>>> print(open('input.csv').read())   # CSV, C-alpha atoms and all ligand atoms
chain,number,residue,atom,x,y,z
A,1,MET,CA,-16.3,-93.8,-41.4
A,2,LYS,CA,-18.0,-93.0,-38.1
A,3,ARG,CA,-17.5,-89.3,-38.8
A,4,PHE,CA,-18.9,-89.8,-42.3
A,5,ILE,CA,-22.0,-91.4,-41.0
A,6,LEU,CA,-22.4,-88.7,-38.4
A,7,SER,CA,-22.2,-85.9,-41.0
A,8,ILE,CA,-24.7,-87.7,-43.2
A,9,LEU,CA,-27.1,-88.0,-40.2
A,10,THR,CA,-26.6,-84.3,-39.4
A,11,LEU,CA,-27.3,-83.4,-43.0
A,12,LEU,CA,-30.4,-85.6,-43.0
A,13,PHE,CA,-31.6,-84.0,-39.8
A,14,PHE,CA,-31.6,-80.5,-41.4
A,15,VAL,CA,-33.1,-81.6,-44.7
A,16,VAL,CA,-35.8,-83.9,-43.3
A,17,VAL,CA,-36.8,-82.2,-40.1
A,18,PRO,CA,-39.3,-79.4,-40.9
A,19,ALA,CA,-38.6,-75.7,-40.1
A,20,ARG,CA,-38.5,-75.2,-36.3
A,21,ALA,CA,-41.6,-73.9,-34.6
A,22,LEU,CA,-41.8,-70.3,-33.5
A,23,GLU,CA,-42.0,-70.9,-29.8
A,24,ASN,CA,-41.1,-67.4,-28.8
A,25,GLY,CA,-43.6,-67.4,-25.9
A,26,MET,CA,-45.1,-64.1,-27.0
A,27,ALA,CA,-48.6,-62.8,-27.7
A,28,LEU,CA,-50.3,-65.4,-25.4
A,29,THR,CA,-53.3,-63.1,-25.7
A,30,PRO,CA,-53.9,-61.0,-28.9
A,31,PRO,CA,-51.6,-58.0,-29.0
A,32,LEU,CA,-53.0,-54.5,-28.4
A,33,GLY,CA,-51.6,-51.3,-29.8
A,34,TRP,CA,-51.7,-48.6,-32.4
A,35,ASN,CA,-50.4,-48.6,-36.0
A,36,SER,CA,-49.9,-45.6,-38.2
A,37,TRP,CA,-51.2,-47.0,-41.6
A,38,ASN,CA,-55.0,-46.8,-41.5
A,39,ARG,CA,-55.1,-43.1,-40.6
A,40,PHE,CA,-51.8,-41.7,-41.7
A,41,GLY,CA,-50.4,-43.9,-44.6
A,42,CYS,CA,-47.0,-42.7,-45.6
A,43,ASP,CA,-47.2,-39.5,-43.5
A,44,VAL,CA,-45.2,-40.8,-40.6
A,45,SER,CA,-42.5,-39.0,-38.6
A,46,GLU,CA,-40.9,-39.2,-35.2
A,47,LYS,CA,-43.1,-36.3,-34.1
A,48,LEU,CA,-46.3,-38.1,-35.0
A,49,ILE,CA,-45.2,-41.4,-33.4
A,50,LYS,CA,-44.1,-39.7,-30.2
A,51,GLU,CA,-47.4,-37.7,-29.9
A,52,MET,CA,-49.3,-41.0,-30.5
A,53,ALA,CA,-47.3,-42.7,-27.7
A,54,ASP,CA,-48.1,-39.7,-25.4
A,55,ALA,CA,-51.8,-39.9,-26.3
A,56,MET,CA,-51.9,-43.7,-25.7
A,57,VAL,CA,-50.9,-42.9,-22.1
A,58,THR,CA,-53.1,-39.8,-21.5
A,59,SER,CA,-56.2,-41.3,-23.2
A,60,GLY,CA,-56.2,-44.3,-20.8
A,61,MET,CA,-55.5,-46.7,-23.6
A,62,LYS,CA,-52.2,-47.8,-22.0
A,63,ASP,CA,-54.2,-48.6,-18.8
A,64,ALA,CA,-56.7,-50.5,-20.8
A,65,GLY,CA,-54.0,-52.8,-22.0
A,66,TYR,CA,-52.7,-51.2,-25.3
A,67,GLN,CA,-48.9,-51.7,-25.5
A,68,TYR,CA,-47.4,-51.6,-29.0
A,69,VAL,CA,-46.8,-48.4,-31.0
A,70,VAL,CA,-46.1,-49.5,-34.5
A,71,ILE,CA,-44.7,-47.4,-37.4
A,72,ASP,CA,-46.0,-49.0,-40.6
A,73,ASP,CA,-44.6,-48.4,-44.1
A,74,CYS,CA,-42.5,-45.4,-45.3
A,75,TRP,CA,-40.1,-44.9,-42.4
A,76,GLN,CA,-37.2,-46.3,-44.5
A,77,VAL,CA,-35.6,-44.7,-47.6
A,78,ARG,CA,-32.6,-46.7,-48.8
A,79,ARG,CA,-29.7,-49.0,-47.8
A,80,ASP,CA,-26.2,-47.6,-47.2
A,81,ASP,CA,-23.0,-49.1,-48.6
A,82,GLN,CA,-22.9,-51.8,-45.9
A,83,GLY,CA,-26.5,-52.8,-46.6
A,84,ASN,CA,-27.9,-51.2,-43.5
A,85,ILE,CA,-31.4,-49.9,-43.7
A,86,VAL,CA,-31.6,-46.1,-43.6
A,87,PRO,CA,-34.5,-44.3,-41.9
A,88,ASP,CA,-35.9,-41.1,-43.5
A,89,PRO,CA,-33.5,-38.5,-42.0
A,90,GLU,CA,-36.0,-35.7,-42.4
A,91,ARG,CA,-38.9,-37.4,-40.8
A,92,PHE,CA,-36.9,-39.3,-38.2
A,93,PRO,CA,-34.0,-36.8,-37.4
A,94,SER,CA,-33.2,-38.3,-34.0
A,95,GLY,CA,-33.0,-41.8,-35.4
A,96,ILE,CA,-35.0,-44.9,-34.7
A,97,LYS,CA,-33.2,-46.0,-31.5
A,98,ALA,CA,-34.1,-42.7,-29.9
A,99,LEU,CA,-37.7,-43.1,-30.9
A,100,GLY,CA,-37.8,-46.6,-29.5
A,101,ASP,CA,-36.2,-45.3,-26.2
A,102,TYR,CA,-38.9,-42.6,-26.0
A,103,ILE,CA,-41.7,-45.2,-26.5
A,104,HIS,CA,-40.1,-47.4,-23.9
A,105,SER,CA,-39.8,-44.5,-21.5
A,106,LYS,CA,-43.6,-44.3,-21.5
A,107,GLY,CA,-43.9,-47.9,-20.5
A,108,LEU,CA,-45.0,-48.9,-24.0
A,109,LYS,CA,-43.5,-51.2,-26.7
A,110,PHE,CA,-42.2,-50.4,-30.1
A,111,GLY,CA,-43.1,-51.9,-33.4
A,112,ILE,CA,-41.8,-51.5,-36.9
A,113,TYR,CA,-42.6,-52.7,-40.5
A,114,SER,CA,-40.8,-54.4,-43.3
A,115,ASP,CA,-41.5,-56.7,-46.2
A,116,ALA,CA,-40.4,-60.2,-47.2
A,117,GLY,CA,-39.8,-59.1,-50.8
A,118,THR,CA,-37.3,-56.7,-52.3
A,119,GLY,CA,-39.5,-53.7,-51.7
A,120,THR,CA,-42.3,-52.7,-49.4
A,121,CYS,CA,-45.8,-52.0,-50.6
A,122,GLN,CA,-44.8,-48.3,-51.0
A,123,ASN,CA,-41.6,-49.4,-52.7
A,124,ARG,CA,-39.2,-48.7,-49.9
A,125,PRO,CA,-36.4,-51.3,-49.5
A,126,GLY,CA,-37.7,-54.7,-48.3
A,127,SER,CA,-35.7,-57.2,-46.3
A,128,ARG,CA,-35.2,-59.9,-48.9
A,129,GLY,CA,-31.5,-60.9,-48.7
A,130,TYR,CA,-31.0,-58.7,-45.6
A,131,GLU,CA,-33.1,-60.6,-43.1
A,132,PHE,CA,-30.4,-61.3,-40.5
A,133,GLN,CA,-28.9,-57.8,-40.8
A,134,ASP,CA,-32.3,-56.2,-40.5
A,135,ALA,CA,-33.3,-58.3,-37.5
A,136,ARG,CA,-30.0,-57.4,-35.7
A,137,GLN,CA,-30.7,-53.8,-36.4
A,138,TYR,CA,-34.2,-54.0,-35.1
A,139,ALA,CA,-33.0,-55.7,-31.9
A,140,ALA,CA,-30.3,-53.0,-31.5
A,141,TRP,CA,-33.0,-50.3,-31.9
A,142,GLY,CA,-35.2,-52.0,-29.2
A,143,VAL,CA,-37.9,-53.2,-31.5
A,144,ASP,CA,-40.6,-55.4,-29.8
A,145,TYR,CA,-42.9,-56.1,-32.8
A,146,LEU,CA,-42.4,-56.6,-36.5
A,147,LYS,CA,-45.1,-56.4,-39.1
A,148,TYR,CA,-43.8,-58.2,-42.2
A,149,ASP,CA,-45.5,-57.5,-45.5
A,150,TRP,CA,-45.6,-59.5,-48.8
A,151,CYS,CA,-45.3,-57.0,-51.7
A,152,ASN,CA,-42.6,-57.3,-54.4
A,153,HIS,CA,-42.0,-61.0,-53.6
A,154,SER,CA,-41.6,-62.1,-57.3
A,155,THR,CA,-41.2,-65.9,-57.3
A,156,GLN,CA,-40.4,-66.3,-53.6
A,157,GLU,CA,-42.1,-69.1,-51.7
A,158,VAL,CA,-44.1,-67.6,-48.9
A,159,LYS,CA,-43.5,-70.0,-46.0
A,160,SER,CA,-39.8,-70.1,-46.4
A,161,SER,CA,-39.6,-66.4,-46.9
A,162,TYR,CA,-41.3,-65.8,-43.6
A,163,ALA,CA,-39.4,-68.5,-41.9
A,164,ILE,CA,-36.1,-66.8,-42.7
A,165,MET,CA,-37.2,-63.7,-40.8
A,166,ARG,CA,-38.5,-65.8,-37.9
A,167,ASP,CA,-35.1,-67.4,-37.7
A,168,ALA,CA,-33.3,-64.1,-38.0
A,169,LEU,CA,-35.4,-62.6,-35.2
A,170,LYS,CA,-34.6,-65.6,-33.1
A,171,ALA,CA,-30.9,-65.2,-33.8
A,172,ALA,CA,-31.0,-61.5,-33.0
A,173,GLY,CA,-31.8,-62.5,-29.5
A,174,ARG,CA,-34.6,-60.0,-28.6
A,175,PRO,CA,-38.2,-61.1,-28.0
A,176,ILE,CA,-40.1,-59.7,-31.0
A,177,VAL,CA,-43.7,-60.4,-31.8
A,178,PHE,CA,-43.8,-61.5,-35.4
A,179,SER,CA,-46.8,-60.3,-37.5
A,180,LEU,CA,-47.2,-62.0,-40.9
A,181,CYS,CA,-49.0,-60.0,-43.6
A,182,ASP,CA,-49.6,-62.0,-46.8
A,183,TRP,CA,-53.3,-60.9,-46.8
A,184,GLY,CA,-54.5,-64.4,-46.4
A,185,LEU,CA,-53.3,-65.2,-50.0
A,186,GLU,CA,-51.5,-68.5,-49.2
A,187,GLU,CA,-53.8,-69.6,-46.3
A,188,PRO,CA,-51.4,-68.6,-43.6
A,189,TRP,CA,-53.7,-70.0,-40.9
A,190,LYS,CA,-52.5,-73.4,-42.1
A,191,TRP,CA,-48.8,-72.8,-41.5
A,192,GLY,CA,-48.6,-69.5,-39.7
A,193,ALA,CA,-48.4,-70.9,-36.1
A,194,ASP,CA,-45.0,-72.3,-36.7
A,195,ILE,CA,-43.7,-69.0,-38.0
A,196,GLY,CA,-45.5,-66.0,-36.6
A,197,ASN,CA,-47.6,-64.8,-33.7
A,198,LEU,CA,-50.4,-63.5,-36.0
A,199,TRP,CA,-51.2,-63.5,-39.6
A,200,ARG,CA,-53.4,-61.3,-41.7
A,201,THR,CA,-56.4,-63.3,-43.1
A,202,THR,CA,-57.6,-60.8,-45.7
A,203,GLU,CA,-56.8,-57.9,-48.0
A,204,ASP,CA,-56.6,-54.4,-46.4
A,205,ILE,CA,-59.5,-53.1,-44.4
A,206,THR,CA,-61.1,-49.7,-45.2
A,207,ASP,CA,-63.2,-47.5,-43.0
A,208,CYS,CA,-66.5,-48.6,-44.5
A,209,TRP,CA,-69.2,-50.8,-43.0
A,210,ASP,CA,-70.3,-52.8,-46.0
A,211,CYS,CA,-68.3,-52.4,-49.2
A,212,THR,CA,-65.7,-53.7,-51.6
A,213,GLY,CA,-63.6,-51.6,-53.8
A,214,LEU,CA,-60.1,-50.6,-54.7
A,215,ALA,CA,-59.6,-49.0,-51.3
A,216,GLY,CA,-60.1,-52.3,-49.5
A,217,LEU,CA,-62.7,-54.4,-47.7
A,218,GLY,CA,-65.4,-53.2,-45.4
A,219,VAL,CA,-66.0,-54.5,-41.9
A,220,MET,CA,-68.8,-56.9,-43.0
A,221,GLN,CA,-66.7,-58.3,-45.9
A,222,ILE,CA,-63.8,-59.0,-43.5
A,223,LEU,CA,-66.1,-60.6,-40.9
A,224,ASP,CA,-67.5,-63.0,-43.6
A,225,LEU,CA,-63.9,-64.2,-44.3
A,226,GLU,CA,-63.3,-65.2,-40.7
A,227,VAL,CA,-66.1,-67.6,-40.3
A,228,ASP,CA,-64.2,-70.9,-40.6
A,229,LEU,CA,-60.8,-69.8,-39.3
A,230,GLY,CA,-61.3,-70.1,-35.5
A,231,ARG,CA,-59.9,-73.5,-35.2
A,232,PHE,CA,-56.4,-72.3,-36.4
A,233,ALA,CA,-56.0,-69.6,-33.7
A,234,GLY,CA,-55.0,-69.8,-30.1
A,235,PRO,CA,-52.6,-68.4,-27.5
A,236,GLY,CA,-49.4,-67.2,-29.3
A,237,HIS,CA,-50.9,-67.6,-32.9
A,238,TRP,CA,-53.8,-65.4,-34.0
A,239,ASN,CA,-55.9,-64.8,-37.0
A,240,ASP,CA,-55.5,-61.1,-37.8
A,241,PRO,CA,-58.6,-59.6,-39.6
A,242,ASP,CA,-56.5,-56.3,-40.0
A,243,MET,CA,-56.2,-53.2,-37.9
A,244,LEU,CA,-59.0,-51.2,-36.5
A,245,GLU,CA,-60.9,-48.5,-38.3
A,246,VAL,CA,-62.7,-47.5,-35.0
A,247,GLY,CA,-62.9,-43.7,-35.0
A,248,ASN,CA,-62.0,-43.1,-38.6
A,249,PRO,CA,-64.4,-40.9,-40.7
A,250,GLY,CA,-66.0,-43.7,-42.8
A,251,LEU,CA,-67.7,-45.4,-39.9
A,252,SER,CA,-70.6,-44.1,-37.7
A,253,LEU,CA,-70.3,-44.3,-34.0
A,254,GLU,CA,-72.6,-47.3,-33.9
A,255,GLU,CA,-70.5,-49.0,-36.7
A,256,SER,CA,-67.3,-48.3,-34.8
A,257,ARG,CA,-68.8,-49.9,-31.7
A,258,ALA,CA,-69.9,-52.9,-33.7
A,259,HIS,CA,-66.6,-53.3,-35.5
A,260,PHE,CA,-64.8,-53.2,-32.1
A,261,SER,CA,-67.2,-55.7,-30.6
A,262,LEU,CA,-66.8,-58.1,-33.5
A,263,TRP,CA,-63.0,-57.9,-33.5
A,264,CYS,CA,-63.0,-58.7,-29.7
A,265,MET,CA,-65.3,-61.6,-30.4
A,266,LEU,CA,-62.8,-62.9,-33.0
A,267,ALA,CA,-59.9,-62.7,-30.5
A,268,ALA,CA,-58.3,-60.4,-33.0
A,269,PRO,CA,-55.2,-58.3,-32.4
A,270,LEU,CA,-56.5,-54.9,-31.5
A,271,MET,CA,-54.4,-52.3,-33.4
A,272,ALA,CA,-56.1,-49.0,-33.2
A,273,GLY,CA,-55.8,-47.1,-36.5
A,274,ASN,CA,-57.2,-43.7,-35.7
A,275,ASP,CA,-55.8,-40.4,-34.5
A,276,LEU,CA,-55.5,-40.9,-30.7
A,277,ARG,CA,-54.6,-37.3,-30.1
A,278,THR,CA,-57.9,-35.9,-31.3
A,279,MET,CA,-60.4,-38.8,-30.7
A,280,PRO,CA,-63.7,-37.7,-29.1
A,281,PRO,CA,-64.6,-39.2,-25.7
A,282,GLU,CA,-67.2,-41.6,-27.3
A,283,ILE,CA,-64.5,-43.2,-29.4
A,284,ARG,CA,-62.1,-43.4,-26.5
A,285,GLU,CA,-64.9,-45.2,-24.5
A,286,ILE,CA,-65.2,-47.8,-27.3
A,287,LEU,CA,-61.5,-48.5,-27.5
A,288,THR,CA,-61.0,-48.7,-23.7
A,289,ASN,CA,-64.2,-50.6,-22.7
A,290,PRO,CA,-62.6,-53.0,-20.2
A,291,GLU,CA,-65.5,-55.5,-20.3
A,292,VAL,CA,-65.3,-55.9,-24.1
A,293,ILE,CA,-61.5,-55.9,-24.1
A,294,ALA,CA,-61.6,-58.7,-21.5
A,295,VAL,CA,-63.5,-60.8,-24.0
A,296,ASP,CA,-60.8,-60.3,-26.6
A,297,GLN,CA,-58.1,-61.1,-24.0
A,298,ASP,CA,-59.7,-64.1,-22.4
A,299,PRO,CA,-56.9,-66.6,-21.6
A,300,LEU,CA,-58.6,-69.5,-23.4
A,301,GLY,CA,-57.9,-67.7,-26.7
A,302,ARG,CA,-61.0,-69.0,-28.5
A,303,GLN,CA,-62.3,-67.2,-31.6
A,304,ALA,CA,-66.0,-66.7,-31.9
A,305,VAL,CA,-68.1,-69.0,-34.1
A,306,LYS,CA,-71.1,-67.9,-36.0
A,307,ALA,CA,-73.8,-69.7,-34.1
A,308,ARG,CA,-76.8,-68.4,-36.1
A,309,ASP,CA,-77.2,-66.8,-39.5
A,310,TYR,CA,-80.6,-65.3,-40.3
A,311,GLY,CA,-79.3,-63.2,-43.2
A,312,ASP,CA,-79.6,-59.6,-42.0
A,313,THR,CA,-78.9,-60.7,-38.4
A,314,GLU,CA,-76.3,-63.1,-36.9
A,315,VAL,CA,-75.4,-64.4,-33.5
A,316,TRP,CA,-71.8,-65.0,-32.7
A,317,ARG,CA,-70.6,-67.0,-29.7
A,318,LYS,CA,-67.2,-67.0,-28.1
A,319,GLU,CA,-66.3,-69.5,-25.4
A,320,LEU,CA,-64.6,-67.9,-22.4
A,321,SER,CA,-62.8,-69.2,-19.4
A,322,GLY,CA,-64.8,-69.6,-16.1
A,323,HIS,CA,-67.8,-71.5,-17.5
A,324,SER,CA,-68.9,-68.5,-19.5
A,325,ALA,CA,-69.3,-67.2,-23.0
A,326,ALA,CA,-69.8,-64.0,-24.9
A,327,TYR,CA,-72.5,-63.4,-27.5
A,328,GLY,CA,-72.4,-60.8,-30.2
A,329,LEU,CA,-75.9,-60.1,-31.7
A,330,LEU,CA,-75.2,-58.4,-35.0
A,331,ASN,CA,-77.6,-56.4,-37.1
A,332,ARG,CA,-76.1,-55.9,-40.6
A,333,SER,CA,-79.2,-54.2,-42.0
A,334,ASP,CA,-80.2,-50.6,-42.3
A,335,THR,CA,-83.2,-50.9,-39.9
A,336,PRO,CA,-83.4,-51.9,-36.2
A,337,LYS,CA,-84.1,-55.6,-35.6
A,338,GLU,CA,-85.0,-57.8,-32.7
A,339,ILE,CA,-82.6,-60.6,-32.2
A,340,SER,CA,-83.3,-63.4,-29.7
A,341,VAL,CA,-81.0,-66.0,-28.2
A,342,PRO,CA,-82.1,-68.9,-25.9
A,343,LEU,CA,-79.9,-68.7,-22.8
A,344,ARG,CA,-81.7,-71.2,-20.5
A,345,SER,CA,-78.7,-72.2,-18.5
A,346,ALA,CA,-77.6,-68.7,-17.8
A,347,LYS,CA,-76.9,-67.7,-14.2
A,348,GLN,CA,-75.9,-64.1,-15.2
A,349,VAL,CA,-76.3,-62.1,-18.4
A,350,ARG,CA,-74.4,-58.9,-18.6
A,351,ASP,CA,-74.6,-56.2,-21.3
A,352,LEU,CA,-71.0,-55.3,-22.0
A,353,TRP,CA,-71.7,-51.9,-23.5
A,354,LYS,CA,-74.4,-50.8,-21.0
A,355,HIS,CA,-72.4,-52.3,-18.1
A,356,GLN,CA,-75.5,-53.7,-16.5
A,357,ASP,CA,-77.0,-57.1,-15.9
A,358,LEU,CA,-80.0,-58.1,-18.0
A,359,ARG,CA,-83.1,-60.0,-17.0
A,360,LEU,CA,-84.2,-62.8,-19.2
A,361,SER,CA,-87.9,-63.4,-19.9
A,362,ALA,CA,-89.5,-66.4,-18.1
A,363,ASP,CA,-88.7,-68.7,-21.1
A,364,GLY,CA,-85.0,-68.0,-20.7
A,365,VAL,CA,-84.7,-66.1,-24.0
A,366,LEU,CA,-82.7,-62.9,-24.4
A,367,ARG,CA,-84.6,-60.6,-26.8
A,368,ALA,CA,-82.5,-57.6,-27.8
A,369,ASN,CA,-83.4,-54.6,-29.9
A,370,VAL,CA,-80.4,-54.1,-32.0
A,371,PRO,CA,-80.1,-50.8,-34.0
A,372,ALA,CA,-79.0,-50.7,-37.6
A,373,HIS,CA,-75.3,-51.6,-38.2
A,374,ALA,CA,-74.9,-52.5,-34.5
A,375,VAL,CA,-73.9,-55.2,-32.2
A,376,VAL,CA,-75.3,-56.0,-28.7
A,377,MET,CA,-72.7,-57.8,-26.8
A,378,VAL,CA,-73.4,-59.8,-23.7
A,379,LYS,CA,-71.4,-62.1,-21.4
A,380,VAL,CA,-73.2,-65.1,-20.1
A,381,VAL,CA,-72.1,-67.0,-17.0
A,382,ARG,CA,-73.6,-70.5,-17.0
A,383,GLU,CA,-75.1,-72.4,-14.0
B,401,LIG,C1,-50.1,-53.5,-47.3
B,401,LIG,C2,-50.6,-53.9,-45.9
B,401,LIG,C3,-51.1,-52.7,-45.2
B,401,LIG,C4,-50.0,-51.6,-45.0
B,401,LIG,C5,-49.5,-51.3,-46.4
B,401,LIG,C6,-48.3,-50.4,-46.4
B,401,LIG,O1,-51.1,-53.1,-48.1
B,401,LIG,O2,-51.6,-54.9,-46.0
B,401,LIG,O3,-51.6,-53.1,-43.9
B,401,LIG,O4,-49.0,-52.1,-44.2
B,401,LIG,O5,-49.1,-52.4,-47.2
B,401,LIG,O6,-47.8,-50.0,-47.6
>>> encode(input="input.csv", output="C-alpha cells", more="lines below")
Ligand code: GLA
Amino acid sequence: MKRFILSILTLLFFVVVPARALENGMALTPPLGWNSWNRFGCDVSEKLIKEMADAMVTSGMKDAGYQYVVIDDCWQVRRDDQGNIVPDPERFPSGIKALGDYIHSKGLKFGIYSDAGTGTCQNRPGSRGYEFQDARQYAAWGVDYLKYDWCNHSTQEVKSSYAIMRDALKAAGRPIVFSLCDWGLEEPWKWGADIGNLWRTTEDITDCWDCTGLAGLGVMQILDLEVDLGRFAGPGHWNDPDMLEVGNPGLSLEESRAHFSLWCMLAAPLMAGNDLRTMPPEIREILTNPEVIAVDQDPLGRQAVKARDYGDTEVWRKELSGHSAAYGLLNRSDTPKEISVPLRSAKQVRDLWKHQDLRLSADGVLRANVPAHAVVMVKVVRE
C-alpha cells in the first residue's frame, strides 16, 4: 500500500509540477558572436567558417568580447540508418568535430543550428523525434550554442517542443546556450526564460533601414516591436531582435552605426552577420566599439525603454549599473534633427561614438544634432 501511494505521489509530481526551469547559468550577459545566415544563407562550408573564426581574432572582435561562431542552416543533409544527423560531406569534409576543435583552438566557441520541427527552414532534417540523439551528438562535437528554429512544426505545441530540446541538452551534459527561434509567434517572452537563454521576438531581419517585404523586416520595424518587451528580459534570458546587419550592403554607414547602437540599448544578443574577412575599418570600428558594447553587456541586464516619442525622433533610456544610464537619441527621418534631453542630475555625459565628454548647457539640457537615420548615444553618470 505504502509503495502504491508513493508511486501515485511520484506520478502526480511529474504531472502537476511544471516543466523545470532552464537554470544552465549561461548567457548572464547577452551572447556575442557571428552567424552565417544574414550574409551567406545556405552557402556555408568549413572553409568559410574557419576563415570567419580567423577573422574574428585578427579583426579584434574576439578581444572586444565576441565569442560564438555559429553555422546556421544547411550544414546538414540527411540522417543515416541509425538516425544520426549527417553533415554535408562536400562542404564539411573534415567533419563537424574537427571544425569545432578549430574554433576552440582560436579561443572561441562553436554554435550550430537545428529546428524543432521535422525539417529546417531550408528543408534539411529537423530534430523532431531525434532531440536526445542530436543533443548527444552536439555535445560530442563540442557545440557551445544551439539556435533552434520553428519551421515544419505541423501541429506541435511550441513550448513543449522547445522544452524537449532543453531537457535533451541538459541530459547531454555539456553547457550549451539555447537560442529559441519561433520569430515571436507564440510570445516566447512569456515562457522563454524557463526554456532558453534567448528568444527571437520577430520575423527575420533584412539589411534595410525602414521597410517591410518578403525579404524580412527593416531595422526600424524590428525596433518598434521591442517597445514593451523589456520587462521579460534579464541575465540568462534575453529578447533577441535578430542578428546584426551591420556592414551588409543595404545599410549606409550611419544606419549600421544606429542599428548597432539600438541593439546595444536593447541588451540584444550581438551576432554579427557580415563578412568579417573583408569588412572595412569603419565597420570594424562599429562592431568593436568598447564603450557601446559595454552598454549592451552591462551586468544589470536591463533593456532600454522608449522614454520619448516625437514621431520622427525618439529618446531611448537604458538603466546601467553604477548609478548611470545610457541614452540613445534616434532620428528616424531623412533630414538632420535636433534632439534634446533634460539631464539635470548628470555628473558626467559621455558621447560613446565620439569618445569624449560633452558639456551641457546652463539649463542642464543635452541638445544634439542627429544626422538622418542616425543615433547619438551617450552615457550619463548621475550625481
Ligand atoms: C529562419 C530563421 C533565420 C534563419 C533561417 C535559416 O528564417 O529565422 O534566422 O535561421 O531560418 O533557414
>>> closest_residue(input="input.csv", among="A:Val70, A:Ala55, A:Leu225, A:Ala304", to="ligand LIG 401 (chain B)", atoms="only C-alpha atoms and all ligand atoms")
A:Val70
>>> residues_near_ligand(input="input.csv", ligand="ligand LIG 401 (chain B)", cutoff="7 Å", atoms="only C-alpha atoms and all ligand atoms", output="PDB file with C-alpha atoms, in the coordinates of the input")
ATOM      1  CA  TRP A  37     -51.200 -47.000 -41.600  1.00  0.00           C
ATOM      2  CA  ASP A  72     -46.000 -49.000 -40.600  1.00  0.00           C
ATOM      3  CA  ASP A  73     -44.600 -48.400 -44.100  1.00  0.00           C
ATOM      4  CA  THR A 120     -42.300 -52.700 -49.400  1.00  0.00           C
ATOM      5  CA  CYS A 121     -45.800 -52.000 -50.600  1.00  0.00           C
ATOM      6  CA  GLN A 122     -44.800 -48.300 -51.000  1.00  0.00           C
ATOM      7  CA  ASP A 149     -45.500 -57.500 -45.500  1.00  0.00           C
ATOM      8  CA  CYS A 181     -49.000 -60.000 -43.600  1.00  0.00           C
ATOM      9  CA  TRP A 183     -53.300 -60.900 -46.800  1.00  0.00           C
ATOM     10  CA  GLU A 203     -56.800 -57.900 -48.000  1.00  0.00           C
ATOM     11  CA  ASP A 204     -56.600 -54.400 -46.400  1.00  0.00           C
TER      12      ASP A 204
END
>>> residues_near_point(input="input.csv", point="(-72.6, -57.7, -26.0)", cutoff="8 Å", atoms="only C-alpha atoms", output="list in words")
Ser261, Val292, Ala326, Tyr327, Gly328, Leu329, Arg350, Asp351, Leu352, Trp353, Val375, Val376, Met377, Val378 and Lys379 of chain A
>>> closest_residue(input="input.csv", among="A:His355, A:Asp115, A:Val219, A:Asp207", to="Leu180 (chain A)", atoms="only C-alpha atoms")
A:Asp115
>>> atom_distance(input="input.csv", atom1="CA of Pro269 (chain A)", atom2="CA of Ala27 (chain A)")
9.3 Å
>>> atom_distance(input="input.csv", atom1="CA of Asp296 (chain A)", atom2="CA of Leu262 (chain A)")
9.4 Å
>>> closest_residue(input="input.csv", among="A:Asp54, A:Arg124, A:Gly119, A:Asn38", to="Arg78 (chain A)", atoms="only C-alpha atoms")
A:Arg124
